[in-house]
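Quick look at structure20.json (JSON, C-alpha atoms):
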```json
[["chain", "number", "residue", "atom", "x", "y", "z"],
["A", 743, "MET", "CA", 0.00, 0.00, 0.00],
["A", 744, "GLU", "CA", 1.71, 3.14, -1.27],
["A", 745, "ARG", "CA", 1.24, 6.17, 0.98],
["A", 746, "TYR", "CA", 2.42, 9.75, 1.01],
["A", 747, "GLU", "CA", 1.73, 13.03, 2.79],
["A", 748, "SER", "CA", 0.10, 15.80, 0.83],
["A", 749, "ALA", "CA", 2.04, 19.07, 0.86],
["A", 750, "THR", "CA", -0.84, 21.22, 2.07],
["A", 751, "ALA", "CA", -1.31, 23.54, 5.01],
["A", 752, "THR", "CA", -3.06, 20.73, 6.88],
["A", 753, "ALA", "CA", -1.12, 17.49, 6.53],
["A", 754, "VAL", "CA", -3.09, 14.74, 4.83],
["A", 755, "VAL", "CA", -1.98, 11.13, 4.50],
["A", 756, "GLU", "CA", -3.02, 9.55, 1.19],
["A", 757, "SER", "CA", -3.04, 6.13, -0.42],
["A", 758, "PRO", "CA", -3.81, 5.81, -4.17],
["A", 759, "TYR", "CA", -5.55, 2.85, -5.82],
["A", 760, "GLN", "CA", -5.40, 2.37, -9.57],
["A", 761, "LEU", "CA", -8.54, 0.52, -10.64],
["A", 762, "VAL", "CA", -9.36, -1.14, -13.97],
["A", 763, "LEU", "CA", -12.89, -1.92, -15.15],
["A", 764, "LEU", "CA", -13.18, -5.57, -16.18],
["A", 765, "THR", "CA", -16.82, -5.22, -17.25],
["A", 766, "PRO", "CA", -18.90, -2.22, -18.39],
["A", 767, "ALA", "CA", -20.08, 0.04, -15.57],
["A", 768, "ALA", "CA", -23.48, 1.70, -15.88],
["A", 769, "ILE", "CA", -23.15, 4.52, -13.35],
["A", 770, "HIS", "CA", -25.52, 7.48, -13.63],
["A", 771, "GLY", "CA", -23.83, 10.81, -14.28],
["A", 772, "ALA", "CA", -25.29, 14.32, -14.53],
["A", 773, "GLU", "CA", -27.07, 13.26, -17.74],
["A", 774, "PRO", "CA", -27.99, 9.60, -17.10],
["A", 775, "ARG", "CA", -29.59, 9.06, -20.51],
["A", 776, "ALA", "CA", -26.61, 10.48, -22.38],
["A", 777, "GLN", "CA", -23.50, 9.32, -20.57],
["A", 778, "ALA", "CA", -22.13, 7.39, -17.62],
["A", 779, "GLU", "CA", -19.65, 8.75, -15.12],
["A", 780, "PHE", "CA", -17.45, 7.13, -12.48],
["A", 781, "ARG", "CA", -18.89, 8.66, -9.32],
["A", 782, "LEU", "CA", -17.21, 8.52, -5.94],
["A", 783, "PRO", "CA", -20.52, 8.55, -3.99],
["A", 784, "SER", "CA", -21.46, 5.29, -5.75],
["A", 785, "LEU", "CA", -18.12, 3.72, -4.86],
["A", 786, "ARG", "CA", -18.36, 4.98, -1.30],
["A", 787, "GLY", "CA", -21.86, 3.52, -0.99],
["A", 788, "VAL", "CA", -20.60, 0.07, -1.97],
["A", 789, "TRP", "CA", -17.67, 0.46, 0.44],
["A", 790, "ARG", "CA", -20.07, 1.24, 3.30],
["A", 791, "TYR", "CA", -22.35, -1.64, 2.33],
["A", 792, "PHE", "CA", -19.51, -4.15, 2.39],
["A", 793, "TRP", "CA", -18.26, -2.72, 5.69],
["A", 794, "ARG", "CA", -21.69, -3.61, 7.10],
["A", 795, "THR", "CA", -21.43, -7.17, 5.77],
["A", 796, "LEU", "CA", -18.64, -7.81, 8.29],
["A", 797, "GLN", "CA", -20.41, -6.22, 11.26],
["A", 798, "ASP", "CA", -21.98, -9.00, 13.33],
["A", 799, "GLN", "CA", -24.01, -6.42, 15.26],
["A", 800, "PRO", "CA", -27.67, -7.39, 15.93],
["A", 801, "ASN", "CA", -28.67, -3.98, 17.33],
["A", 802, "VAL", "CA", -29.68, -1.65, 14.49],
["A", 803, "ASN", "CA", -29.06, 1.57, 16.44],
["A", 804, "ASP", "CA", -25.62, 0.44, 17.57],
["A", 805, "LEU", "CA", -24.77, -0.52, 13.99],
["A", 806, "LEU", "CA", -25.81, 2.91, 12.71],
["A", 807, "ARG", "CA", -23.73, 4.62, 15.40],
["A", 808, "GLU", "CA", -20.66, 2.56, 14.49],
["A", 809, "GLU", "CA", -21.19, 3.24, 10.78],
["A", 810, "GLU", "CA", -21.42, 6.99, 11.29],
["A", 811, "ILE", "CA", -18.27, 6.98, 13.40],
["A", 812, "MET", "CA", -16.56, 5.16, 10.54],
["A", 813, "PHE", "CA", -18.02, 6.96, 7.52],
["A", 814, "GLY", "CA", -19.84, 10.01, 8.85],
["A", 815, "GLY", "CA", -23.57, 10.73, 8.90],
["A", 816, "THR", "CA", -26.33, 12.97, 10.21],
["A", 817, "ARG", "CA", -28.81, 10.58, 11.84],
["A", 818, "VAL", "CA", -27.01, 9.71, 15.10],
["A", 819, "MET", "CA", -23.47, 11.03, 15.47],
["A", 820, "LYS", "CA", -23.89, 14.06, 13.19],
["A", 821, "GLN", "CA", -20.23, 14.12, 12.22],
["A", 822, "GLN", "CA", -18.08, 14.17, 9.13],
["A", 823, "SER", "CA", -16.18, 11.09, 8.12],
["A", 824, "PRO", "CA", -12.47, 10.91, 8.96],
["A", 825, "VAL", "CA", -11.86, 9.34, 5.54],
["A", 826, "HIS", "CA", -12.19, 10.89, 2.08],
["A", 827, "LEU", "CA", -12.11, 9.60, -1.49],
["A", 828, "SER", "CA", -10.86, 11.68, -4.41],
["A", 829, "MET", "CA", -10.06, 11.37, -8.11],
["A", 830, "SER", "CA", -7.60, 13.35, -10.19],
["A", 831, "GLU", "CA", -9.84, 13.50, -13.26],
["A", 832, "THR", "CA", -13.40, 12.86, -14.41],
["A", 833, "VAL", "CA", -14.00, 9.50, -16.09],
["A", 834, "GLN", "CA", -17.00, 9.42, -18.45],
["A", 835, "GLY", "CA", -18.36, 7.24, -21.23],
["A", 836, "ALA", "CA", -21.31, 7.29, -23.61],
["A", 837, "LYS", "CA", -21.07, 3.87, -25.26],
["A", 838, "LYS", "CA", -24.34, 1.94, -25.08],
["A", 839, "GLU", "CA", -23.94, -1.43, -23.35],
["A", 840, "ASN", "CA", -26.46, -4.25, -23.09],
["A", 841, "ILE", "CA", -26.95, -4.94, -19.37],
["A", 842, "LEU", "CA", -29.16, -7.99, -20.03],
["A", 843, "PRO", "CA", -26.76, -10.06, -22.18],
["A", 844, "HIS", "CA", -28.64, -13.33, -21.64],
["A", 845, "LYS", "CA", -31.78, -12.07, -23.40],
["A", 846, "SER", "CA", -32.36, -12.08, -27.16],
["A", 847, "SER", "CA", -33.62, -8.48, -27.08],
["A", 848, "SER", "CA", -31.05, -6.07, -25.72],
["A", 849, "PHE", "CA", -31.54, -3.38, -23.07],
["A", 850, "THR", "CA", -28.83, -0.79, -23.54],
["A", 851, "VAL", "CA", -27.74, 2.07, -21.30],
["A", 852, "PRO", "CA", -24.75, 4.46, -21.38],
["A", 853, "ALA", "CA", -21.80, 2.85, -19.61],
["A", 854, "LEU", "CA", -18.09, 3.11, -19.00],
["A", 855, "SER", "CA", -16.39, 0.54, -21.21],
["A", 856, "ALA", "CA", -14.36, -2.36, -19.90],
["A", 857, "GLY", "CA", -10.67, -1.44, -19.82],
["A", 858, "LYS", "CA", -11.16, 2.10, -18.54],
["A", 859, "GLU", "CA", -8.87, 3.02, -15.67],
["A", 860, "VAL", "CA", -9.37, 5.33, -12.74],
["A", 861, "THR", "CA", -7.16, 6.22, -9.79],
["A", 862, "VAL", "CA", -9.02, 6.67, -6.51],
["A", 863, "THR", "CA", -7.17, 8.10, -3.52],
["A", 864, "ILE", "CA", -8.09, 7.34, 0.09],
["A", 865, "SER", "CA", -7.03, 10.11, 2.46],
["A", 866, "VAL", "CA", -7.23, 11.04, 6.14],
["A", 867, "ARG", "CA", -5.92, 14.01, 8.06],
["A", 868, "LYS", "CA", -2.65, 13.46, 9.86],
["A", 869, "ARG", "CA", -4.38, 13.14, 13.23],
["A", 870, "HIS", "CA", -6.33, 10.12, 11.89],
["A", 871, "GLU", "CA", -3.31, 8.42, 10.31],
["A", 872, "SER", "CA", -3.58, 5.43, 12.65],
["A", 873, "LYS", "CA", -7.02, 4.66, 11.16],
["A", 874, "LEU", "CA", -5.91, 4.66, 7.52],
["A", 875, "GLU", "CA", -4.77, 1.04, 7.50],
["A", 876, "MET", "CA", -8.17, -0.16, 8.75],
["A", 877, "TYR", "CA", -9.96, 1.85, 6.04],
["A", 878, "GLU", "CA", -7.66, 0.36, 3.43],
["A", 879, "TRP", "CA", -8.30, -3.22, 4.53],
["A", 880, "TYR", "CA", -12.06, -2.67, 4.27],
["A", 881, "PHE", "CA", -11.51, -1.07, 0.86],
["A", 882, "GLN", "CA", -9.47, -4.08, -0.27],
["A", 883, "TYR", "CA", -12.11, -6.44, 1.10],
["A", 884, "MET", "CA", -14.65, -4.67, -1.11],
["A", 885, "LEU", "CA", -12.25, -4.90, -4.07],
["A", 886, "HIS", "CA", -12.20, -8.69, -3.72],
["A", 887, "LEU", "CA", -15.98, -9.09, -3.94],
["A", 888, "ALA", "CA", -17.85, -6.11, -5.35],
["A", 889, "GLY", "CA", -18.72, -4.08, -8.41],
["A", 890, "ILE", "CA", -20.28, -0.65, -8.90],
["A", 891, "GLY", "CA", -23.30, 0.73, -10.75],
["A", 892, "GLN", "CA", -26.42, -0.80, -12.29],
["A", 893, "ARG", "CA", -26.53, -4.62, -12.31],
["A", 894, "SER", "CA", -23.40, -4.72, -10.17],
["A", 895, "ARG", "CA", -24.87, -7.71, -8.33],
["A", 896, "ARG", "CA", -24.81, -9.53, -11.66],
["A", 897, "GLY", "CA", -21.23, -8.75, -12.64],
["A", 898, "PHE", "CA", -21.39, -5.32, -14.25],
["A", 899, "GLY", "CA", -19.04, -2.62, -12.99],
["A", 900, "ALA", "CA", -16.43, -5.16, -11.86],
["A", 901, "VAL", "CA", -13.28, -3.29, -10.84],
["A", 902, "GLN", "CA", -9.88, -4.78, -10.18],
["A", 903, "TRP", "CA", -7.09, -3.05, -8.31],
["A", 904, "THR", "CA", -3.78, -3.27, -10.15],
["A", 905, "GLY", "CA", -2.26, -4.36, -6.84],
["A", 906, "HIS", "CA", -4.31, -7.57, -7.06],
["A", 907, "GLU", "CA", -2.36, -9.91, -9.34],
["A", 908, "TRP", "CA", -3.39, -13.48, -8.63],
["A", 909, "ASN", "CA", -2.02, -16.39, -10.67],
["A", 910, "THR", "CA", -4.33, -19.09, -9.30],
["A", 911, "VAL", "CA", -7.69, -19.39, -7.57],
["A", 912, "GLU", "CA", -5.78, -20.57, -4.51],
["A", 913, "GLU", "CA", -3.87, -17.26, -4.45],
["A", 914, "TYR", "CA", -7.14, -15.34, -4.67],
["A", 915, "ALA", "CA", -8.60, -17.41, -1.81],
["A", 916, "ASP", "CA", -5.48, -16.85, 0.31],
["A", 917, "SER", "CA", -5.63, -13.12, -0.43],
["A", 918, "LEU", "CA", -9.24, -12.83, 0.75],
["A", 919, "HIS", "CA", -8.43, -14.93, 3.83],
["A", 920, "ALA", "CA", -5.53, -12.58, 4.64],
["A", 921, "VAL", "CA", -7.76, -9.49, 4.41],
["A", 922, "LEU", "CA", -10.39, -11.02, 6.69],
["A", 923, "SER", "CA", -7.61, -11.91, 9.13],
["A", 924, "ARG", "CA", -6.30, -8.33, 9.07],
["A", 925, "LEU", "CA", -9.82, -7.12, 9.86],
["A", 926, "GLY", "CA", -10.04, -9.48, 12.82],
["A", 927, "VAL", "CA", -13.05, -11.46, 11.57],
["A", 928, "ALA", "CA", -11.46, -14.61, 10.11],
["A", 929, "SER", "CA", -12.41, -16.70, 13.15],
["A", 930, "ALA", "CA", -16.08, -16.40, 12.12],
["A", 931, "PHE", "CA", -15.43, -18.37, 8.92],
["A", 932, "SER", "CA", -13.99, -21.59, 7.57],
["A", 933, "PHE", "CA", -11.82, -21.43, 4.44],
["A", 934, "ALA", "CA", -10.98, -23.54, 1.41],
["A", 935, "SER", "CA", -8.76, -23.09, -1.65],
["A", 936, "ARG", "CA", -11.48, -23.52, -4.31],
["A", 937, "GLY", "CA", -15.24, -23.86, -4.71],
["A", 938, "CYS", "CA", -16.77, -22.44, -1.54],
["A", 939, "ILE", "CA", -13.69, -20.58, -0.35],
["A", 940, "VAL", "CA", -15.38, -18.80, 2.59],
["A", 941, "SER", "CA", -18.22, -20.11, 4.77],
["A", 942, "ARG", "CA", -19.63, -18.57, 7.94],
["A", 943, "ALA", "CA", -19.42, -21.03, 10.81],
["A", 944, "ALA", "CA", -22.45, -19.93, 12.87],
["A", 945, "ALA", "CA", -26.01, -18.95, 12.03],
["A", 946, "VAL", "CA", -26.61, -15.31, 11.09],
["A", 947, "LYS", "CA", -28.26, -13.33, 13.90],
["A", 948, "THR", "CA", -28.38, -9.85, 12.38],
["A", 949, "PRO", "CA", -31.33, -8.08, 10.69],
["A", 950, "HIS", "CA", -28.92, -6.56, 8.15],
["A", 951, "PRO", "CA", -27.13, -8.65, 5.47],
["A", 952, "ILE", "CA", -23.74, -9.99, 6.49],
["A", 953, "LEU", "CA", -21.27, -12.16, 4.61],
["A", 954, "SER", "CA", -22.26, -15.82, 4.72],
["A", 955, "ALA", "CA", -20.22, -17.47, 1.95],
["A", 956, "VAL", "CA", -18.04, -16.86, -1.11],
["A", 957, "TRP", "CA", -17.75, -19.16, -4.13],
["A", 958, "VAL", "CA", -15.44, -19.09, -7.16],
["A", 959, "GLY", "CA", -16.89, -20.52, -10.36],
["A", 960, "GLU", "CA", -15.41, -21.71, -13.65],
["A", 961, "GLY", "CA", -12.88, -19.44, -15.36],
["A", 962, "LYS", "CA", -13.61, -18.11, -18.85],
["A", 963, "ASP", "CA", -11.53, -16.57, -21.64],
["A", 964, "SER", "CA", -13.40, -13.25, -21.41],
["A", 965, "ALA", "CA", -15.28, -11.26, -18.79],
["A", 966, "SER", "CA", -18.27, -10.99, -21.15],
["A", 967, "GLU", "CA", -18.66, -14.78, -21.04],
["A", 968, "VAL", "CA", -18.90, -14.60, -17.27],
["A", 969, "LEU", "CA", -21.56, -11.87, -17.54],
["A", 970, "LYS", "CA", -23.63, -14.07, -19.85],
["A", 971, "GLY", "CA", -23.38, -16.88, -17.32],
["A", 972, "PHE", "CA", -24.62, -14.61, -14.54],
["A", 973, "GLY", "CA", -27.50, -13.48, -16.74],
["A", 974, "LYS", "CA", -28.45, -17.04, -17.62],
["A", 975, "ALA", "CA", -28.31, -18.10, -13.98],
["A", 976, "SER", "CA", -30.47, -15.14, -12.93],
["A", 977, "HIS", "CA", -33.08, -16.10, -15.52],
["A", 978, "GLU", "CA", -33.11, -19.87, -15.10],
["A", 979, "ALA", "CA", -32.32, -20.37, -11.42],
["A", 980, "ASN", "CA", -34.80, -18.00, -9.78],
["A", 981, "ARG", "CA", -37.77, -20.30, -10.03],
["A", 982, "TYR", "CA", -39.23, -19.31, -6.68],
["A", 983, "GLY", "CA", -38.12, -15.66, -6.68],
["A", 984, "THR", "CA", -35.81, -16.24, -3.72],
["A", 985, "LEU", "CA", -32.81, -14.70, -5.52],
["A", 986, "GLY", "CA", -34.42, -11.29, -5.95],
["A", 987, "PHE", "CA", -37.48, -9.81, -7.64],
["A", 988, "VAL", "CA", -39.34, -6.60, -8.42],
["A", 989, "GLN", "CA", -43.16, -6.72, -8.37],
["A", 990, "GLY", "CA", -44.71, -3.28, -8.38],
["A", 991, "LYS", "CA", -43.69, -1.64, -5.13],
["A", 992, "ASN", "CA", -42.38, -4.90, -3.70],
["A", 993, "LYS", "CA", -38.68, -5.53, -4.17],
["A", 994, "LEU", "CA", -36.24, -8.12, -2.86],
["A", 995, "ALA", "CA", -32.55, -7.50, -3.45],
["A", 996, "SER", "CA", -30.62, -10.60, -4.40],
["A", 997, "PRO", "CA", -28.60, -12.15, -1.57],
["A", 998, "LEU", "CA", -26.04, -13.25, -4.17],
["A", 999, "TRP", "CA", -23.50, -10.56, -5.13],
["A", 1000, "CYS", "CA", -21.77, -11.61, -8.34],
["A", 1001, "THR", "CA", -18.65, -10.04, -9.80],
["A", 1002, "VAL", "CA", -15.68, -10.89, -12.03],
["A", 1003, "ARG", "CA", -11.99, -11.05, -11.20],
["A", 1004, "LYS", "CA", -9.00, -11.70, -13.44],
["A", 1005, "ILE", "CA", -6.91, -14.59, -12.15],
["A", 1006, "GLY", "CA", -3.97, -16.01, -14.09],
["A", 1007, "GLY", "CA", -5.10, -14.60, -17.44],
["A", 1008, "ARG", "CA", -8.68, -15.90, -17.16],
["A", 1009, "TYR", "CA", -11.86, -14.33, -15.82],
["A", 1010, "TYR", "CA", -13.62, -15.95, -12.89],
["A", 1011, "PRO", "CA", -17.13, -15.54, -11.47],
["A", 1012, "ILE", "CA", -17.04, -14.57, -7.79],
["A", 1013, "ILE", "CA", -20.31, -15.10, -5.90],
["A", 1014, "SER", "CA", -20.80, -13.74, -2.39],
["A", 1015, "GLU", "CA", -23.84, -14.62, -0.31],
["A", 1016, "VAL", "CA", -25.07, -12.02, 2.16],
["A", 1017, "ARG", "CA", -27.75, -13.19, 4.59],
["A", 1018, "THR", "CA", -29.96, -11.73, 7.29],
["A", 1019, "ASN", "CA", -31.52, -13.64, 10.17],
["A", 1020, "GLU", "CA", -34.71, -14.25, 8.15],
["A", 1021, "GLN", "CA", -36.00, -17.80, 8.07],
["A", 1022, "ARG", "CA", -36.37, -17.81, 4.27],
["A", 1023, "TYR", "CA", -32.66, -18.51, 3.82],
["A", 1024, "ASN", "CA", -33.14, -21.89, 5.49],
["A", 1025, "GLU", "CA", -36.07, -22.94, 3.31],
["A", 1026, "PRO", "CA", -35.64, -25.64, 0.62],
["A", 1027, "ARG", "CA", -36.83, -23.26, -2.13],
["A", 1028, "TYR", "CA", -33.98, -20.85, -1.49],
["A", 1029, "GLU", "CA", -31.43, -23.64, -1.27],
["A", 1030, "GLN", "CA", -32.68, -25.13, -4.57],
["A", 1031, "ASP", "CA", -32.53, -21.78, -6.39],
["A", 1032, "ARG", "CA", -29.07, -21.04, -5.03],
["A", 1033, "LYS", "CA", -27.75, -24.50, -5.91],
["A", 1034, "ARG", "CA", -28.97, -24.18, -9.50],
["A", 1035, "PHE", "CA", -27.52, -20.66, -9.81],
["A", 1036, "LEU", "CA", -24.10, -21.81, -8.64],
["A", 1037, "GLU", "CA", -24.15, -24.82, -10.97],
["A", 1038, "ILE", "CA", -24.84, -22.62, -14.01],
["A", 1039, "VAL", "CA", -21.83, -20.38, -13.29],
["A", 1040, "GLY", "CA", -19.56, -23.38, -12.85],
["A", 1041, "VAL", "CA", -19.38, -23.87, -9.09],
["A", 1042, "ARG", "CA", -19.18, -27.49, -8.02],
["A", 1043, "VAL", "CA", -21.79, -27.92, -5.29]]
```

Before we go any further, please render this structure as structure tokens.
Amino acid sequence: MERYESATATAVVESPYQLVLLTPAAIHGAEPRAQAEFRLPSLRGVWRYFWRTLQDQPNVNDLLREEEIMFGGTRVMKQQSPVHLSMSETVQGAKKENILPHKSSSFTVPALSAGKEVTVTISVRKRHESKLEMYEWYFQYMLHLAGIGQRSRRGFGAVQWTGHEWNTVEEYADSLHAVLSRLGVASAFSFASRGCIVSRAAAVKTPHPILSAVWVGEGKDSASEVLKGFGKASHEANRYGTLGFVQGKNKLASPLWCTVRKIGGRYYPIISEVRTNEQRYNEPRYEQDRKRFLEIVGVRV
């Protein structure tokens, strides 16, 4: 992790991250129908979300208090965040991308093309320097499992840090294990080198989604092939609607977060399950839908 102090009146400690888009990112800009734009609030929102997935805190008010101490907020603590994200330049794109690649009729939106690069800098004031490492480990945790923008739960907006160069699935699994260890939560999980590489040991007791498992599927020659697999799985494996749906005002977000990572020259589907304490995750219908989804994307279950 490269760090340096900014030469400003108030000393700031910074750490830059060069990110590469592996799949198109449909992120709304100022003109959402005309062009996409890499937006820091979107990235920060995903960062906060994945921070919550490691907080085994059953009390909602206590969780909100801890989150606002970490990232700022106005509901409880009413304070600014100690950590800031910045970019040196605006990254935009107007190319139309089909975000439903598994369907015969396309649904296109403006998106940032795969291959675009952006450098995001994490910074804290000098007095918070001791906290920077913790923020970075949560950021790197997110960079193992998440994407950004529309359909990010189905592989779009997959970003890879140039500091993540894995040659094998085993190296990727070890890397994620190391991050969870640094964050002090590894004891909550069991680990493997392939297939289901992370599995929570105890039942989930929180009303908010927390990390339950991570799977690595079959590698492909291109990231677009992985996207098609995610699309096919979403269409064919959601027989009972347990993997997410939208019906009028009723909406259920998918508990399966899917993204793509480049490992050893191939592109792999990464599937993270986030669960709450709801009983539906223990029902046969959910387990059947999930099993079929994982099979389609090449996970041996």

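CA of Glu839 (chain A) to CA of Arg893 (chain A) spans 11.8 Å [interatomic distance, one decimal].
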
From A:Pro949, A:Pro1011, A:Gly905, A:Gly973, residue lying nearest Asn840 (chain A) [all atoms listed in the file]: A:Gly973

Nearby residues (all atoms listed in the file) at most 12 Å from Ser932 (chain A), same-chain spacing under 3 positions excluded, as a ChimeraX atom specification: /A:915,919,922-923,927-929,935,938-944,954-956

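Nearest to Lys820 (chain A) of all the residues A:Ala753, A:Leu806, A:Val1016, A:Val851 is A:Leu806, counting all atoms listed in the file.
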
For CA of Arg781 (chain A) and CA of Ile769 (chain A), the interatomic separation in Å (one decimal):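 Taking CA of Arg781 (chain A) as the start and CA of Ile769 (chain A) as the end point, the length is 7.2 Å.
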
Residue with smallest distance to Arg1042 (chain A) - pool A:Gly835, A:Gly899, A:Gly926, A:Gly959, counting all atoms listed in the file: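 Answer, going by the shortest atom-to-atom distance: A:Gly959.
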
Pairwise distance for CA of Glu912 (chain A) and CA of Ala965 (chain A), rounded to one decimal in Å: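 Calculated distance between CA of Glu912 (chain A) and CA of Ala965 (chain A) is 19.5 Å.
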
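The nearest approach to Thr850 (chain A) among the residues A:His950, A:Arg775, A:Lys873, A:Arg1008, with all atoms listed in the file taken into account, belongs to A:Arg775.
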
Please provide the set of residues having any atom within 9 Å of Lys947 (chain A), restricted to only C-alpha atoms, with same-chain residues fewer than 4 positions apart removed, written as an mmCIF file with C-alpha atoms, in the coordinates of the input.
```
data_model
loop_
_atom_site.group_PDB
_atom_site.id
_atom_site.type_symbol
_atom_site.label_atom_id
_atom_site.label_comp_id
_atom_site.auth_asym_id
_atom_site.auth_seq_id
_atom_site.Cartn_x
_atom_site.Cartn_y
_atom_site.Cartn_z
ATOM 1 C CA ASP A 798 -21.980 -9.000 13.330
ATOM 2 C CA GLN A 799 -24.010 -6.420 15.260
ATOM 3 C CA PRO A 800 -27.670 -7.390 15.930
ATOM 4 C CA THR A 1018 -29.960 -11.730 7.290
ATOM 5 C CA ASN A 1019 -31.520 -13.640 10.170
ATOM 6 C CA GLU A 1020 -34.710 -14.250 8.150
#
```

Starting from the structure just given, write a file holding region 753-765 of chain A with C-alpha atoms, as a PDB file, in the first residue's frame.
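The resulting file, result_16.pdb, is shown below:
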```
ATOM      1  CA  ALA A 753      -1.116  17.493   6.529  1.00  0.00           C
ATOM      2  CA  VAL A 754      -3.092  14.741   4.831  1.00  0.00           C
ATOM      3  CA  VAL A 755      -1.981  11.127   4.495  1.00  0.00           C
ATOM      4  CA  GLU A 756      -3.025   9.553   1.194  1.00  0.00           C
ATOM      5  CA  SER A 757      -3.040   6.127  -0.423  1.00  0.00           C
ATOM      6  CA  PRO A 758      -3.807   5.812  -4.171  1.00  0.00           C
ATOM      7  CA  TYR A 759      -5.552   2.852  -5.819  1.00  0.00           C
ATOM      8  CA  GLN A 760      -5.398   2.369  -9.574  1.00  0.00           C
ATOM      9  CA  LEU A 761      -8.541   0.519 -10.641  1.00  0.00           C
ATOM     10  CA  VAL A 762      -9.362  -1.139 -13.971  1.00  0.00           C
ATOM     11  CA  LEU A 763     -12.890  -1.923 -15.147  1.00  0.00           C
ATOM     12  CA  LEU A 764     -13.185  -5.574 -16.177  1.00  0.00           C
ATOM     13  CA  THR A 765     -16.819  -5.224 -17.246  1.00  0.00           C
TER      14      THR A 765
END
```
